[in-house]
Structure formats: structure tokens, C-alpha cells
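Coordinates from input-v1.tsv are shown below (TSV, C-alpha atoms).
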chain	number	residue	atom	x	y	z
J	1	MET	CA	-51.79	-88.01	-17.21
J	2	ALA	CA	-54.26	-87.17	-19.98
J	3	PRO	CA	-54.26	-83.56	-21.11
J	4	HIS	CA	-57.30	-81.40	-20.63
J	5	CYS	CA	-59.15	-81.05	-23.93
J	6	GLY	CA	-58.14	-77.74	-25.41
J	7	SER	CA	-57.32	-74.93	-23.01
J	8	PHE	CA	-59.21	-72.76	-20.59
J	9	MET	CA	-58.64	-69.09	-19.92
J	10	VAL	CA	-59.10	-68.06	-16.32
J	11	PRO	CA	-61.12	-64.81	-16.05
J	12	ASN	CA	-59.12	-61.60	-16.60
J	13	ASN	CA	-56.60	-63.59	-18.66
J	14	ASP	CA	-54.71	-64.45	-15.46
J	15	PHE	CA	-53.39	-67.66	-16.94
J	16	GLU	CA	-54.26	-70.38	-19.39
J	17	ILE	CA	-54.82	-73.92	-18.17
J	18	ILE	CA	-53.55	-76.45	-20.70
J	19	HIS	CA	-53.76	-79.59	-18.54
J	20	GLY	CA	-56.70	-79.35	-16.17
J	21	ASP	CA	-55.91	-82.47	-14.18
J	22	ILE	CA	-52.49	-81.53	-12.80
J	23	PRO	CA	-51.76	-82.33	-9.15
J	24	ARG	CA	-51.98	-79.18	-7.04
J	25	GLY	CA	-51.31	-78.17	-3.48
J	26	ARG	CA	-48.46	-80.60	-2.70
J	27	PHE	CA	-45.51	-78.52	-3.89
J	28	ARG	CA	-42.46	-78.24	-1.64
J	29	SER	CA	-39.82	-76.89	-4.04
J	30	VAL	CA	-40.04	-74.43	-6.93
J	31	LEU	CA	-37.51	-74.04	-9.75
J	32	PHE	CA	-37.25	-70.85	-11.82
J	33	ASP	CA	-35.45	-70.10	-15.03
J	34	PHE	CA	-33.85	-66.64	-15.04
J	35	ASP	CA	-33.72	-64.73	-18.35
J	36	GLY	CA	-37.21	-64.06	-19.71
J	37	THR	CA	-38.83	-65.75	-16.72
J	38	LEU	CA	-37.75	-63.32	-14.00
J	39	SER	CA	-35.09	-61.08	-15.54
J	40	LEU	CA	-35.47	-58.76	-18.53
J	41	ILE	CA	-31.90	-57.48	-18.46
J	42	ARG	CA	-30.96	-59.65	-21.45
J	43	GLU	CA	-34.11	-58.88	-23.40
J	44	GLY	CA	-33.29	-58.98	-27.11
J	45	TRP	CA	-30.53	-61.59	-26.90
J	46	PRO	CA	-31.83	-63.48	-29.98
J	47	GLN	CA	-31.45	-60.28	-32.01
J	48	VAL	CA	-27.76	-60.41	-31.07
J	49	MET	CA	-27.08	-64.13	-31.38
J	50	ILE	CA	-28.99	-64.93	-34.57
J	51	PRO	CA	-27.50	-62.21	-36.84
J	52	MET	CA	-24.02	-63.05	-35.55
J	53	MET	CA	-24.50	-66.68	-36.48
J	54	VAL	CA	-26.05	-65.89	-39.86
J	55	GLU	CA	-23.02	-63.77	-40.73
J	56	ILE	CA	-20.64	-66.54	-39.68
J	57	LEU	CA	-22.51	-69.06	-41.86
J	58	ARG	CA	-22.60	-66.65	-44.78
J	59	GLU	CA	-18.80	-66.47	-44.63
J	60	THR	CA	-18.63	-70.19	-45.50
J	61	GLY	CA	-19.66	-69.32	-49.05
J	62	THR	CA	-22.95	-71.21	-48.79
J	63	LYS	CA	-25.45	-70.66	-51.60
J	64	GLU	CA	-28.32	-70.28	-49.13
J	65	ILE	CA	-30.04	-66.91	-49.15
J	66	GLU	CA	-30.30	-64.82	-45.99
J	67	ALA	CA	-33.85	-65.92	-45.22
J	68	GLN	CA	-32.84	-69.58	-45.37
J	69	LEU	CA	-29.87	-69.06	-43.11
J	70	THR	CA	-31.94	-67.05	-40.64
J	71	ALA	CA	-34.64	-69.74	-40.50
J	72	ALA	CA	-32.05	-72.46	-39.93
J	73	VAL	CA	-30.32	-70.52	-37.17
J	74	GLU	CA	-33.57	-69.50	-35.47
J	75	ASP	CA	-34.63	-73.14	-35.36
J	76	PHE	CA	-31.62	-74.45	-33.47
J	77	VAL	CA	-31.08	-71.36	-31.33
J	78	MET	CA	-34.61	-71.46	-29.93
J	79	ARG	CA	-34.70	-75.26	-29.71
J	80	LEU	CA	-31.63	-75.11	-27.46
J	81	ASN	CA	-32.90	-72.13	-25.47
J	82	GLY	CA	-32.67	-72.98	-21.79
J	83	ARG	CA	-29.51	-75.03	-22.14
J	84	GLN	CA	-26.11	-73.45	-21.59
J	85	THR	CA	-25.14	-70.96	-24.28
J	86	ILE	CA	-22.18	-73.14	-25.25
J	87	TYR	CA	-24.55	-75.72	-26.77
J	88	GLN	CA	-25.84	-73.16	-29.24
J	89	MET	CA	-22.23	-72.42	-30.14
J	90	ILE	CA	-21.42	-76.12	-30.52
J	91	GLN	CA	-24.32	-76.35	-32.96
J	92	LEU	CA	-23.03	-73.27	-34.79
J	93	ALA	CA	-19.65	-74.94	-35.22
J	94	ASP	CA	-21.39	-78.03	-36.61
J	95	GLU	CA	-23.36	-75.86	-39.05
J	96	VAL	CA	-20.17	-74.17	-40.27
J	97	ARG	CA	-18.52	-77.54	-40.76
J	98	ALA	CA	-21.55	-78.90	-42.62
J	99	ARG	CA	-21.21	-76.03	-45.11
J	100	GLY	CA	-17.57	-76.78	-45.78
J	101	GLY	CA	-16.15	-74.13	-43.45
J	102	GLN	CA	-13.52	-74.42	-40.74
J	103	PRO	CA	-15.21	-73.43	-37.46
J	104	LEU	CA	-13.65	-71.74	-34.46
J	105	GLU	CA	-13.84	-73.43	-31.10
J	106	PRO	CA	-17.37	-73.09	-29.64
J	107	LEU	CA	-15.94	-71.17	-26.68
J	108	ALA	CA	-14.55	-68.54	-29.08
J	109	TYR	CA	-18.00	-68.11	-30.59
J	110	LYS	CA	-19.48	-67.83	-27.10
J	111	HIS	CA	-17.04	-65.04	-26.18
J	112	GLN	CA	-17.82	-63.23	-29.44
J	113	TYR	CA	-21.54	-63.42	-28.71
J	114	HIS	CA	-21.10	-62.27	-25.12
J	115	ASP	CA	-19.08	-59.23	-26.20
J	116	LEU	CA	-21.86	-58.24	-28.60
J	117	LEU	CA	-24.56	-58.84	-26.00
J	118	MET	CA	-22.77	-56.74	-23.39
J	119	LYS	CA	-22.84	-53.79	-25.79
J	120	ARG	CA	-26.62	-54.12	-25.86
J	121	ILE	CA	-27.17	-54.47	-22.11
J	122	GLN	CA	-24.31	-52.50	-20.52
J	123	ARG	CA	-26.48	-49.40	-20.07
J	124	ARG	CA	-29.13	-51.45	-18.30
J	125	LEU	CA	-26.55	-52.86	-15.92
J	126	HIS	CA	-25.06	-49.41	-15.32
J	127	ASP	CA	-28.46	-47.93	-14.52
J	128	LEU	CA	-29.22	-50.71	-12.04
J	129	GLU	CA	-25.79	-50.46	-10.43
J	130	THR	CA	-26.09	-46.68	-9.98
J	131	GLY	CA	-29.73	-46.62	-8.91
J	132	GLN	CA	-30.92	-44.85	-12.04
J	133	ALA	CA	-33.16	-47.86	-12.68
J	134	ARG	CA	-35.21	-49.84	-10.17
J	135	PRO	CA	-35.12	-53.64	-10.02
J	136	GLU	CA	-38.78	-53.63	-11.04
J	137	ASP	CA	-37.82	-51.87	-14.30
J	138	TRP	CA	-35.94	-54.95	-15.48
J	139	THR	CA	-37.92	-57.85	-14.05
J	140	VAL	CA	-40.98	-59.61	-15.43
J	141	PRO	CA	-43.94	-57.76	-13.83
J	142	GLY	CA	-45.01	-59.14	-10.47
J	143	SER	CA	-41.88	-61.26	-9.97
J	144	HIS	CA	-40.92	-59.92	-6.53
J	145	GLU	CA	-44.45	-60.18	-5.16
J	146	PHE	CA	-44.89	-63.71	-6.45
J	147	LEU	CA	-41.56	-64.90	-5.06
J	148	GLN	CA	-42.41	-63.37	-1.70
J	149	SER	CA	-45.75	-65.17	-1.65
J	150	LEU	CA	-43.94	-68.46	-2.23
J	151	LYS	CA	-41.44	-67.72	0.54
J	152	ASP	CA	-44.35	-66.90	2.84
J	153	ARG	CA	-45.54	-70.47	2.26
J	154	SER	CA	-42.09	-71.78	3.30
J	155	LEU	CA	-41.37	-73.19	-0.14
J	156	ASN	CA	-37.80	-73.97	-1.14
J	157	LEU	CA	-36.87	-71.80	-4.17
J	158	PHE	CA	-34.18	-72.55	-6.77
J	159	LEU	CA	-32.89	-70.54	-9.72
J	160	ALA	CA	-31.20	-72.23	-12.70
J	161	SER	CA	-29.98	-70.48	-15.84
J	162	GLY	CA	-28.10	-71.35	-19.00
J	163	THR	CA	-26.23	-68.05	-18.59
J	164	ASP	CA	-22.81	-68.19	-16.90
J	165	LEU	CA	-23.13	-68.46	-13.13
J	166	LYS	CA	-21.08	-65.33	-12.34
J	167	TYR	CA	-23.38	-63.19	-14.47
J	168	VAL	CA	-26.55	-64.77	-13.09
J	169	ARG	CA	-25.44	-64.08	-9.52
J	170	HIS	CA	-24.53	-60.48	-10.33
J	171	GLU	CA	-27.73	-59.76	-12.23
J	172	ALA	CA	-29.92	-61.49	-9.62
J	173	GLU	CA	-28.34	-59.27	-6.97
J	174	LEU	CA	-28.97	-56.13	-9.04
J	175	LEU	CA	-32.61	-57.16	-9.42
J	176	GLY	CA	-33.10	-57.82	-5.71
J	177	LEU	CA	-33.76	-61.52	-6.30
J	178	THR	CA	-30.89	-63.11	-4.38
J	179	ARG	CA	-32.74	-62.98	-1.05
J	180	PHE	CA	-35.42	-65.33	-2.38
J	181	PHE	CA	-32.94	-67.99	-3.51
J	182	GLU	CA	-29.91	-67.37	-1.24
J	183	ASN	CA	-27.25	-69.93	-2.21
J	184	GLN	CA	-29.57	-71.95	-4.43
J	185	ILE	CA	-28.65	-70.15	-7.66
J	186	TYR	CA	-27.20	-72.24	-10.47
J	187	GLY	CA	-25.73	-71.26	-13.83
J	188	ALA	CA	-23.46	-72.34	-16.63
J	189	LEU	CA	-19.91	-73.42	-15.79
J	190	ASP	CA	-16.70	-73.36	-17.83
J	191	ASP	CA	-16.76	-77.13	-17.54
J	192	TYR	CA	-20.16	-77.20	-19.22
J	193	LYS	CA	-20.64	-80.96	-18.86
J	194	ASN	CA	-20.92	-80.51	-15.09
J	195	PHE	CA	-24.04	-78.35	-15.28
J	196	SER	CA	-27.46	-78.75	-16.82
J	197	LYS	CA	-31.00	-78.02	-15.71
J	198	LYS	CA	-31.60	-81.76	-15.76
J	199	MET	CA	-28.78	-82.17	-13.21
J	200	VAL	CA	-30.19	-79.38	-11.03
J	201	ILE	CA	-33.67	-80.94	-11.07
J	202	GLU	CA	-32.34	-84.39	-10.21
J	203	ARG	CA	-30.30	-82.89	-7.38
J	204	ILE	CA	-33.32	-81.03	-5.97
J	205	ILE	CA	-35.42	-84.19	-6.01
J	206	GLY	CA	-32.66	-86.33	-4.50
J	207	ASP	CA	-31.45	-83.89	-1.84
J	208	HIS	CA	-34.94	-82.98	-0.67
J	209	ASP	CA	-36.56	-86.40	-1.02
J	210	LEU	CA	-39.29	-85.13	-3.34
J	211	GLN	CA	-41.93	-86.92	-5.32
J	212	GLY	CA	-42.21	-85.56	-8.86
J	213	ASP	CA	-45.52	-83.79	-8.20
J	214	GLN	CA	-43.94	-81.91	-5.30
J	215	LEU	CA	-41.80	-79.93	-7.77
J	216	LEU	CA	-43.17	-76.85	-9.51
J	217	GLY	CA	-41.25	-75.13	-12.31
J	218	PHE	CA	-41.45	-71.82	-14.17
J	219	GLY	CA	-39.66	-71.05	-17.42
J	220	ASP	CA	-39.81	-69.45	-20.86
J	221	GLY	CA	-37.54	-71.99	-22.57
J	222	PHE	CA	-38.25	-75.39	-24.07
J	223	VAL	CA	-35.62	-77.18	-21.98
J	224	GLU	CA	-36.79	-76.37	-18.47
J	225	ILE	CA	-40.43	-77.14	-19.29
J	226	GLU	CA	-39.46	-80.48	-20.80
J	227	GLU	CA	-37.21	-81.44	-17.86
J	228	ILE	CA	-39.78	-80.51	-15.22
J	229	LYS	CA	-42.36	-82.68	-16.98
J	230	ARG	CA	-39.88	-85.53	-17.40
J	231	VAL	CA	-39.72	-86.04	-13.62
J	232	GLY	CA	-43.47	-85.69	-13.13
J	233	GLY	CA	-43.49	-82.08	-11.97
J	234	VAL	CA	-45.88	-79.28	-12.87
J	235	ALA	CA	-44.54	-76.81	-15.44
J	236	VAL	CA	-45.75	-73.25	-15.85
J	237	ALA	CA	-44.75	-71.52	-19.07
J	238	VAL	CA	-43.96	-67.83	-18.68
J	239	ALA	CA	-44.69	-66.72	-22.25
J	240	SER	CA	-43.56	-63.19	-21.48
J	241	ASP	CA	-43.60	-60.41	-24.06
J	242	GLU	CA	-40.22	-59.04	-23.06
J	243	VAL	CA	-40.45	-55.93	-25.24
J	244	ASN	CA	-43.95	-54.67	-24.41
J	245	ARG	CA	-44.05	-56.23	-20.91
J	246	GLN	CA	-47.73	-56.90	-21.36
J	247	GLY	CA	-49.63	-59.88	-22.72
J	248	ILE	CA	-48.54	-63.18	-24.24
J	249	ASN	CA	-45.76	-63.82	-26.73
J	250	GLN	CA	-47.61	-66.23	-29.01
J	251	TRP	CA	-44.46	-67.80	-30.44
J	252	LYS	CA	-43.26	-68.66	-26.93
J	253	ARG	CA	-46.70	-69.92	-25.98
J	254	GLN	CA	-46.89	-72.36	-28.86
J	255	ARG	CA	-43.36	-73.68	-28.32
J	256	LEU	CA	-43.83	-74.12	-24.57
J	257	ILE	CA	-47.13	-75.94	-24.98
J	258	GLN	CA	-45.31	-78.28	-27.37
J	259	ALA	CA	-42.72	-78.83	-24.63
J	260	GLY	CA	-45.48	-79.98	-22.27
J	261	ALA	CA	-46.43	-76.87	-20.25
J	262	ASP	CA	-49.39	-77.33	-17.91
J	263	LEU	CA	-50.21	-73.64	-17.60
J	264	VAL	CA	-49.27	-70.53	-19.56
J	265	ILE	CA	-48.98	-67.09	-17.99
J	266	PRO	CA	-47.82	-63.75	-19.45
J	267	ASP	CA	-46.17	-62.57	-16.22
J	268	PHE	CA	-46.81	-62.58	-12.46
J	269	ARG	CA	-49.15	-59.60	-12.20
J	270	ARG	CA	-52.05	-61.81	-11.07
J	271	HIS	CA	-49.88	-63.63	-8.56
J	272	GLU	CA	-52.59	-63.93	-5.93
J	273	GLU	CA	-54.92	-65.84	-8.26
J	274	LEU	CA	-52.03	-67.99	-9.48
J	275	VAL	CA	-51.02	-68.93	-5.95
J	276	HIS	CA	-54.63	-69.72	-5.08
J	277	TYR	CA	-54.99	-72.00	-8.11
J	278	LEU	CA	-51.74	-73.85	-7.54
J	279	PHE	CA	-51.83	-74.22	-3.77
J	280	ASP	CA	-55.36	-73.85	-2.48
J	281	ALA	CA	-57.10	-76.32	-4.77

How would this structure read if it were set down as C-alpha cells?
Amino acid sequence: MAPHCGSFMVPNNDFEIIHGDIPRGRFRSVLFDFDGTLSLIREGWPQVMIPMMVEILRETGTKEIEAQLTAAVEDFVMRLNGRQTIYQMIQLADEVRARGGQPLEPLAYKHQYHDLLMKRIQRRLHDLETGQARPEDWTVPGSHEFLQSLKDRSLNLFLASGTDLKYVRHEAELLGLTRFFENQIYGALDDYKNFSKKMVIERIIGDHDLQGDQLLGFGDGFVEIEEIKRVGGVAVAVASDEVNRQGINQWKRQRLIQAGADLVIPDFRRHEELVHYLFDA
């Protein structure tokens, strides 16, 4: 498939078409990433993970200055975004070892990170659990309406996240998303080698007898875009600005285009136009 030359912005900045010759209208199953694609509960997680890792690397006695350490950590953290969190911690352990340090087990680093992250998001969870916040307050704009439009077309919806499964299920329930996916929610497992987005995609295709172009995927991480494209599916990059909840995050956009994204959207506000483009071509 040859890429469309350049990109084309649909009127009103609904979405950006990167590859204009993608197959449309044949989709039977749709795979969604969770954090940053649908959920905003964990907004700001890099601002928790990256400083934690920089501090751990600094403790090795490395001569690198803070800016160098931060750049190195940002590179591997975001490259591995979309895979299970444990892989970022495995890389951290390797980085400690490469600097002459004695790393902890990756799982210990993962628990340390999760404890720090929970301090950041516990109020958000509390507000959702007590009704002080609405599901719409912590989802990417237009998510519920878009998912409903896909269900109305009898599409089979799947959710796959690099976050631990128990947390994904809980947070999806708080956000009112479980009803769209039912039991087709997947997340990281303690036995991390038995879960990956690649495995989920292969299972979807095998179990539902799909051709590659019958699979549509949405994500804000490099991994899910790359894996959707690997099997011949259509990948939509959700380059969401998680802080302002409006417009495109340019850093995400550039990375996701590099991963092979066919379209780029900021959110699901213009879901009607998006559905029309993807399904009524």
C-alpha cells in the first residue's frame, strides 16, 4: 500500500488523512487502547515515571547531567508506550546495570511507580467512585458517543491496555465503558509473557476469521499502531492533548505517523464525520 503524498486535513480539523488509499467500509472488529485513547484517568503518567527513573539512574553515580538522563529515559519510556509497564521497568533495570549499578527486580520498580502514580490519580478515582465526577470528565471527548455508534453498526469491540488488567477493568467500569466491550477487555498480567497487544490482535483475527483489512484500531501509543498495521489493519492515531482536552498533541502525532498511522484525530468529538469516512466510503 503506497502512502498518500503528504496529508490532508478534513474540513473543521475533524481528522488528518495520512494514507488516502486505505480500505474502508469492511471493518468487523475494532480494537481500542485505553489510557490516552479513551481514558484520561492516568493523564500525566510520564511525569511520574520519568522523574522516578531519572532519580534511580542518578543514584548509580553516572556522570551524565540531568538533561542527558531525562532524554535517555524519555526515549525508551515513550518507545515502549503501549506495551505492558513491566517492559519499561525491564529497560530501566538494564539502564542501571549499564551504568555500573545493581538494579532491583523490574517488578519492584513497577510497584514503586504504581505507588507514585496512585498518589497522583487517587482523587480522580475517588471522585468517580462517589459521583463527584462524571465519566465524561475523565474520558477523551466524544468517546461514549463514538463507541455507541460502532455498537449500533454491530461491530465487535475490544479493549487492550498495557496497564494491569484489574485496574483497567475497574477504571473502565468507573468511566461507563464496560458495556461497550463486555468481557472483551484485556490488560497486563503478572505473567507478563502471556499478554501482549500482538497476542490480542492475533487472537481477534483467528477467533473471528478476519482478513487484515477487517480490523480497525485506535491508539495513542507506538505499539498498538505498529501491530495493527503489521496484520494489514487500519490504524487511527488518537493524538490526544490529555491536559487541555482540545486539539492535537504534536509530539504524539509525529511519533504515531512514524509508527504507520493511517489517520490522526485529536479526540472523538466529530464522531459522525469519522464514522461516515470509515464506513460509508

Tell me, in Å to one decimal, how far atom CA of J:Glu64 is from atom CA of J:Lys252.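 Interatomic distance here is 26.8 Å.
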
Using all atoms listed in the file: which of J:Asp280, J:Glu95, J:Asp137, J:Glu105 has the shortest distance to J:Leu175: J:Asp137

Which one is closest to J:Asp241: J:Thr139, J:Ser161, J:Asn156, J:Thr62? Count all atoms listed in the file.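 Under the stated criterion, the closest residue is J:Thr139.
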
J:Asn81 surroundings by all atoms listed in the file, 12 Å radius, close-in-sequence under 4 positions cut, as a PyMOL selection string: chain J and resi 33-36+45-46+49+74-77+85-89+161-163+197+219-226+252+255-256+259

Taken to one decimal, the atom CA of J:Arg58-atom CA of J:Gln91 distance is 15.4 Å

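Rounded to one decimal, atom CA of J:Gly233 and atom CA of J:Ile265 lie 17.1 Å from each other.
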
Of the candidates J:Val238, J:Arg123, J:Leu177, J:Leu80, which shows the shortest atom-to-atom distance to J:Trp251, using all atoms listed in the file?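 Distance minimum relative to J:Trp251 lands on J:Val238.
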
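Candidate residues J:Pro266, J:Ile185, J:Lys119, J:Ala72 were compared for distance to J:Tyr167, and the nearest is J:Ile185, using all atoms listed in the file.
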
Per-residue nearest contacts stretch 137-195 of chain J to stretch 19-29 of chain J, cut-off 12 Å, using all atoms listed in the file, as JSON lines:
{"residue": "J:Leu150", "atom": "CA", "partner": "J:Ser29", "partner_atom": "CA", "distance": 9.6}
{"residue": "J:Lys151", "atom": "CA", "partner": "J:Ser29", "partner_atom": "CA", "distance": 10.4}
{"residue": "J:Arg153", "atom": "CA", "partner": "J:Arg28", "partner_atom": "CA", "distance": 9.2}
{"residue": "J:Ser154", "atom": "CA", "partner": "J:Arg28", "partner_atom": "CA", "distance": 8.1}
{"residue": "J:Leu155", "atom": "CA", "partner": "J:Arg28", "partner_atom": "CA", "distance": 5.4}
{"residue": "J:Asn156", "atom": "CA", "partner": "J:Ser29", "partner_atom": "CA", "distance": 4.6}
{"residue": "J:Leu157", "atom": "CA", "partner": "J:Ser29", "partner_atom": "CA", "distance": 5.9}
{"residue": "J:Phe158", "atom": "CA", "partner": "J:Ser29", "partner_atom": "CA", "distance": 7.6}
{"residue": "J:Leu159", "atom": "CA", "partner": "J:Ser29", "partner_atom": "CA", "distance": 11.0}
{"residue": "J:Phe181", "atom": "CA", "partner": "J:Ser29", "partner_atom": "CA", "distance": 11.3}
{"residue": "J:Gln184", "atom": "CA", "partner": "J:Ser29", "partner_atom": "CA", "distance": 11.4}

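Proximity of J:Leu263, J:Leu189, J:Leu147, J:Met118 to J:Glu43, computed with all atoms listed in the file, is greatest for J:Met118.
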
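If you count only C-alpha atoms and ignore residues fewer than 6 places along the chain from J:Val48, what sits within 10 Å of it is Tyr113, His114, Leu116, Leu117, Met118, Lys119 and Arg120 of chain J.
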
Go ahead and save the picked residues with C-alpha atoms, as a compact mmCIF listing (two decimals), in the coordinates of the input.
# COMPACT_ATOMS: atom_id res chain seq x y z
CA TYR J 113 -21.54 -63.42 -28.71
CA HIS J 114 -21.10 -62.27 -25.12
CA LEU J 116 -21.86 -58.24 -28.60
CA LEU J 117 -24.56 -58.84 -26.00
CA MET J 118 -22.77 -56.74 -23.39
CA LYS J 119 -22.84 -53.79 -25.79
CA ARG J 120 -26.62 -54.12 -25.86

Rank nothing, just name the residue among J:Phe180, J:Ser240, J:Gly82, J:Ser196 nearest to J:Phe146, using all atoms listed in the file.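 Comparing J:Phe180, J:Ser240, J:Gly82, J:Ser196 against J:Phe146, the winner is J:Phe180.
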
Got a sec: who's within 12 Å of J:Ala98, counting all atoms listed in the file, leaving out chain neighbours fewer than 4 positions off, as a PyMOL selection string? chain J and resi 57+60-62+91-94+102-103

Which centre and edge lengths in Å to one decimal define the box along x, y and z that fits every listed atom of stretch 52-56 of chain J plus 5 Å per side, as JSON?
{"center_x": -23.3, "center_y": -64.9, "center_z": -38.1, "size_x": 15.4, "size_y": 13.6, "size_z": 15.2}

When you look at J:Ile257 with a cut-off of 8 Å (counting all atoms listed in the file), what residues show up, excluding the ones that are within fewer than 6 positions of it in the same chain? I need them as a list in words. Ile18, Ala237 and Val264 of chain J
